[in-house]
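Next up, entry_17.csv (CSV, C-alpha atoms):
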```
chain,number,residue,atom,x,y,z
Y,1,MET,CA,71.5,155.6,141.5
Y,2,LYS,CA,74.8,153.9,140.8
Y,3,SER,CA,75.8,156.6,138.4
Y,4,LEU,CA,75.0,159.3,141.0
Y,5,LEU,CA,77.2,157.6,143.5
Y,6,LEU,CA,79.9,157.3,140.9
Y,7,GLN,CA,79.6,161.1,140.1
Y,8,LEU,CA,79.8,161.9,143.8
Y,9,LYS,CA,82.9,159.9,144.2
Y,10,THR,CA,84.5,161.6,141.3
Y,11,PHE,CA,83.9,165.0,142.8
Y,12,SER,CA,84.6,164.2,146.4
Y,13,LEU,CA,87.2,166.2,148.2
Y,14,PRO,CA,89.4,165.1,151.1
Y,15,LEU,CA,87.6,165.5,154.4
Y,16,ASN,CA,89.1,167.9,157.0
Y,17,PRO,CA,88.6,166.3,160.4
Y,18,SER,CA,88.1,169.7,162.1
Y,19,LEU,CA,85.3,170.6,159.7
Y,20,VAL,CA,83.6,167.2,160.2
Y,21,LEU,CA,83.6,167.7,164.0
Y,22,LEU,CA,82.4,171.3,163.6
Y,23,SER,CA,79.6,170.2,161.3
Y,24,LEU,CA,78.6,167.3,163.7
Y,25,GLY,CA,78.6,169.7,166.7
Y,26,PHE,CA,76.4,172.2,164.8
Y,27,SER,CA,73.9,169.5,163.7
Y,28,LEU,CA,73.7,168.2,167.3
Y,29,CYS,CA,73.0,171.7,168.6
Y,30,MET,CA,70.3,172.3,166.0
Y,31,SER,CA,68.6,169.0,166.8
Y,32,THR,CA,68.5,169.6,170.6
Y,33,PRO,CA,65.1,170.7,171.8
Y,34,VAL,CA,64.9,174.2,173.4
Y,35,GLN,CA,64.9,173.9,177.2
Y,36,ALA,CA,62.7,176.0,179.4
Y,37,ALA,CA,64.2,178.8,181.3
Y,38,ASP,CA,65.6,178.0,184.7
Y,39,PHE,CA,64.3,180.4,187.3
Y,40,ARG,CA,65.3,180.6,191.0
Y,41,SER,CA,64.8,183.2,193.7
Y,42,ILE,CA,67.1,184.9,196.2
Y,43,LEU,CA,67.3,182.8,199.3
Y,44,ALA,CA,69.3,185.1,201.7
Y,45,GLY,CA,67.8,188.2,203.3
Y,46,LYS,CA,69.9,190.0,200.7
Y,47,ALA,CA,72.3,188.9,198.0
Y,48,ILE,CA,75.2,190.9,196.6
Y,49,THR,CA,75.6,190.7,192.8
Y,50,TYR,CA,79.0,190.9,191.1
Y,51,ASP,CA,80.4,191.6,187.6
Y,52,ALA,CA,82.4,188.3,187.7
Y,53,PRO,CA,82.2,185.0,189.6
Y,54,SER,CA,84.3,186.1,192.6
Y,55,ALA,CA,83.8,187.9,195.9
Y,56,GLU,CA,86.7,190.1,194.9
Y,57,ALA,CA,84.9,191.3,191.8
Y,58,VAL,CA,83.1,194.6,191.5
Y,59,LYS,CA,79.9,194.7,193.5
Y,60,LEU,CA,77.0,195.7,191.3
Y,61,TYR,CA,73.8,195.8,193.5
Y,62,ILE,CA,71.9,194.0,196.2
Y,63,MET,CA,68.9,191.8,195.5
Y,64,ALA,CA,66.2,191.2,198.3
Y,65,LYS,CA,65.0,187.9,199.5
Y,66,GLY,CA,62.5,186.2,197.1
Y,67,TYR,CA,63.5,188.3,194.0
Y,68,PRO,CA,63.2,186.0,190.9
Y,69,VAL,CA,66.2,185.5,188.7
Y,70,GLU,CA,66.8,183.5,185.5
Y,71,VAL,CA,69.9,181.2,185.7
Y,72,ILE,CA,72.1,181.7,182.7
Y,73,VAL,CA,75.3,179.9,183.7
Y,74,ASN,CA,75.6,177.6,186.8
Y,75,LEU,CA,79.1,177.0,188.0
Y,76,GLY,CA,77.9,175.6,191.4
Y,77,THR,CA,79.6,178.1,193.7
Y,78,TRP,CA,78.8,181.0,191.4
Y,79,VAL,CA,75.7,181.5,189.2
Y,80,LYS,CA,75.3,184.0,186.4
Y,81,VAL,CA,71.8,185.4,186.5
Y,82,ARG,CA,69.5,187.7,184.5
Y,83,ASP,CA,67.1,190.0,186.4
Y,84,GLN,CA,63.8,191.5,185.3
Y,85,ARG,CA,65.6,194.4,183.6
Y,86,SER,CA,67.8,192.0,181.6
Y,87,GLY,CA,70.8,192.9,183.6
Y,88,LEU,CA,73.4,190.1,183.9
Y,89,SER,CA,75.4,189.6,187.1
Y,90,TRP,CA,76.9,186.9,189.2
Y,91,VAL,CA,75.6,185.7,192.6
Y,92,ALA,CA,76.9,183.1,195.1
Y,93,GLY,CA,75.1,179.8,194.5
Y,94,LYS,CA,74.4,179.5,198.2
Y,95,ASP,CA,72.2,182.6,197.9
Y,96,LEU,CA,69.8,181.0,195.5
Y,97,ASP,CA,66.7,179.0,196.3
Y,98,ALA,CA,64.8,176.6,194.0
Y,99,GLN,CA,61.5,178.1,195.2
Y,100,ARG,CA,59.9,179.9,192.3
Y,101,THR,CA,58.7,183.5,192.6
Y,102,VAL,CA,57.5,186.1,190.1
Y,103,LEU,CA,57.8,189.8,190.0
Y,104,VAL,CA,54.7,191.9,189.2
Y,105,THR,CA,55.5,194.2,186.2
Y,106,ASP,CA,52.2,196.1,186.0
Y,107,SER,CA,49.7,196.7,188.8
Y,108,THR,CA,47.2,193.9,188.6
Y,109,GLU,CA,44.6,191.9,190.4
Y,110,ILE,CA,44.6,188.6,192.2
Y,111,LYS,CA,41.4,186.7,191.3
Y,112,GLU,CA,39.7,183.7,193.0
Y,113,LYS,CA,39.5,181.8,189.7
Y,114,GLU,CA,41.2,181.9,186.3
Y,115,SER,CA,38.9,184.5,184.9
Y,116,ALA,CA,38.6,188.3,184.6
Y,117,ASP,CA,35.0,188.0,185.9
Y,118,ALA,CA,36.1,186.0,189.0
Y,119,LYS,CA,35.9,187.4,192.5
Y,120,LEU,CA,38.6,190.0,193.3
Y,121,LEU,CA,40.8,188.8,196.2
Y,122,GLY,CA,43.3,191.8,196.1
Y,123,THR,CA,45.3,194.2,194.0
Y,124,VAL,CA,49.0,194.0,193.6
Y,125,GLU,CA,51.3,196.9,192.8
Y,126,LYS,CA,54.3,196.9,190.4
Y,127,ASP,CA,57.5,195.3,191.8
Y,128,VAL,CA,55.8,193.1,194.4
Y,129,VAL,CA,57.2,189.6,194.6
Y,130,LEU,CA,54.7,186.7,194.6
Y,131,GLU,CA,55.3,183.0,195.3
Y,132,LEU,CA,54.6,181.0,192.2
Y,133,LEU,CA,52.4,178.0,193.1
Y,134,SER,CA,51.8,176.6,189.7
Y,135,PRO,CA,54.1,177.5,186.8
Y,136,SER,CA,51.8,176.2,184.2
Y,137,ILE,CA,49.7,178.7,182.4
Y,138,ASN,CA,45.9,178.0,182.1
Y,139,LYS,CA,44.2,180.4,179.7
Y,140,GLY,CA,46.7,183.2,180.5
Y,141,TRP,CA,46.5,182.7,184.3
Y,142,VAL,CA,48.9,181.3,186.9
Y,143,LYS,CA,48.4,180.5,190.6
Y,144,VAL,CA,50.3,182.6,193.1
Y,145,LYS,CA,50.5,183.4,196.8
Y,146,HIS,CA,51.0,186.9,198.2
Y,147,ARG,CA,53.2,187.2,201.4
Y,148,GLY,CA,50.0,188.3,203.2
Y,149,GLY,CA,48.5,184.9,202.6
Y,150,ILE,CA,46.2,185.6,199.7
Y,151,VAL,CA,46.2,182.6,197.2
Y,152,GLY,CA,44.7,183.2,193.8
Y,153,TYR,CA,45.2,183.7,190.1
Y,154,ILE,CA,47.0,186.4,188.3
Y,155,GLN,CA,47.4,187.1,184.6
Y,156,SER,CA,50.7,185.8,183.3
Y,157,SER,CA,51.1,189.0,181.2
Y,158,ALA,CA,51.5,191.1,184.4
Y,159,ILE,CA,54.5,189.2,185.8
Y,160,TRP,CA,58.1,188.4,185.1
Y,161,GLY,CA,59.9,185.2,186.0
Y,162,LEU,CA,57.6,182.7,184.5
Y,163,TYR,CA,59.3,181.8,181.2
```
Would you give me this structure, written as structure tokens?
Amino acid sequence: MKSLLLQLKTFSLPLNPSLVLLSLGFSLCMSTPVQAADFRSILAGKAITYDAPSAEAVKLYIMAKGYPVEVIVNLGTWVKVRDQRSGLSWVAGKDLDAQRTVLVTDSTEIKEKESADAKLLGTVEKDVVLELLSPSINKGWVKVKHRGGIVGYIQSSAIWGLY
């Protein structure tokens, strides 16, 4: 072991402080656990999205109340979000709510229990927003609430905004 250390000292190069910091930063990033996606919903009756974090930026489109978005960057006053179609835009932070919602991507059914054989409570068309009551997936099902008051389970594969 002593001879190995001696050999390493013999072939050592002077350390560049910038490279040491870069290497340390990279190793910290690689050891950090992956965080779950941060989803919010549109709070206001409608929210204007922009191509930059400013009300003077180019207006892109309007999102309706309850629409789920994934938070990419949170600057407080402005938040960069991703929508269901993977579009990136900026929205005023005041227009976002912590309440979780999901967007139906394929027409599907709301069931009484977490099973395809369970009693049918209702059918939901594509692009309908549902309130997410339980973000944890149980056997491929999540608990949701329809704005009409129906509470039940929907297959996680038929929605966007969960993870």
- [ ] Tell me which protein, DNA and RNA residues are within 10 Å of stretch 159-163 of chain Y, counting all atoms listed in the file, leaving out same-chain ones fewer than 4 positions away, and put them as a PyMOL selection string.
- [x] chain Y and resi 36-41+67-70+83-85+100-108+126-130+132+134-137+142+154-155
Task: Between atom CA of Y:Ala92 and atom CA of Y:Gly148 - distance in Å to one decimal - done: 28.6 Å
TODO: Rounded to one decimal place, report the atom CA of Y:Lys145-atom CA of Y:Glu112 distance in Å.
DONE: 11.5 Å
Padding of 5 Å on every side, edges along x, y and z, all listed atoms of stretch 109-124 of chain Y included: what centre and edge lengths in Å, to one decimal, does that box have, as JSON?
```
{"center_x": 42.0, "center_y": 188.0, "center_z": 190.4, "size_x": 24.0, "size_y": 22.4, "size_z": 21.6}
```
- [ ] Rounded to one decimal place, report the atom CA of Y:Ala44-atom CA of Y:Ser157 distance in Å.
- [x] 27.7 Å
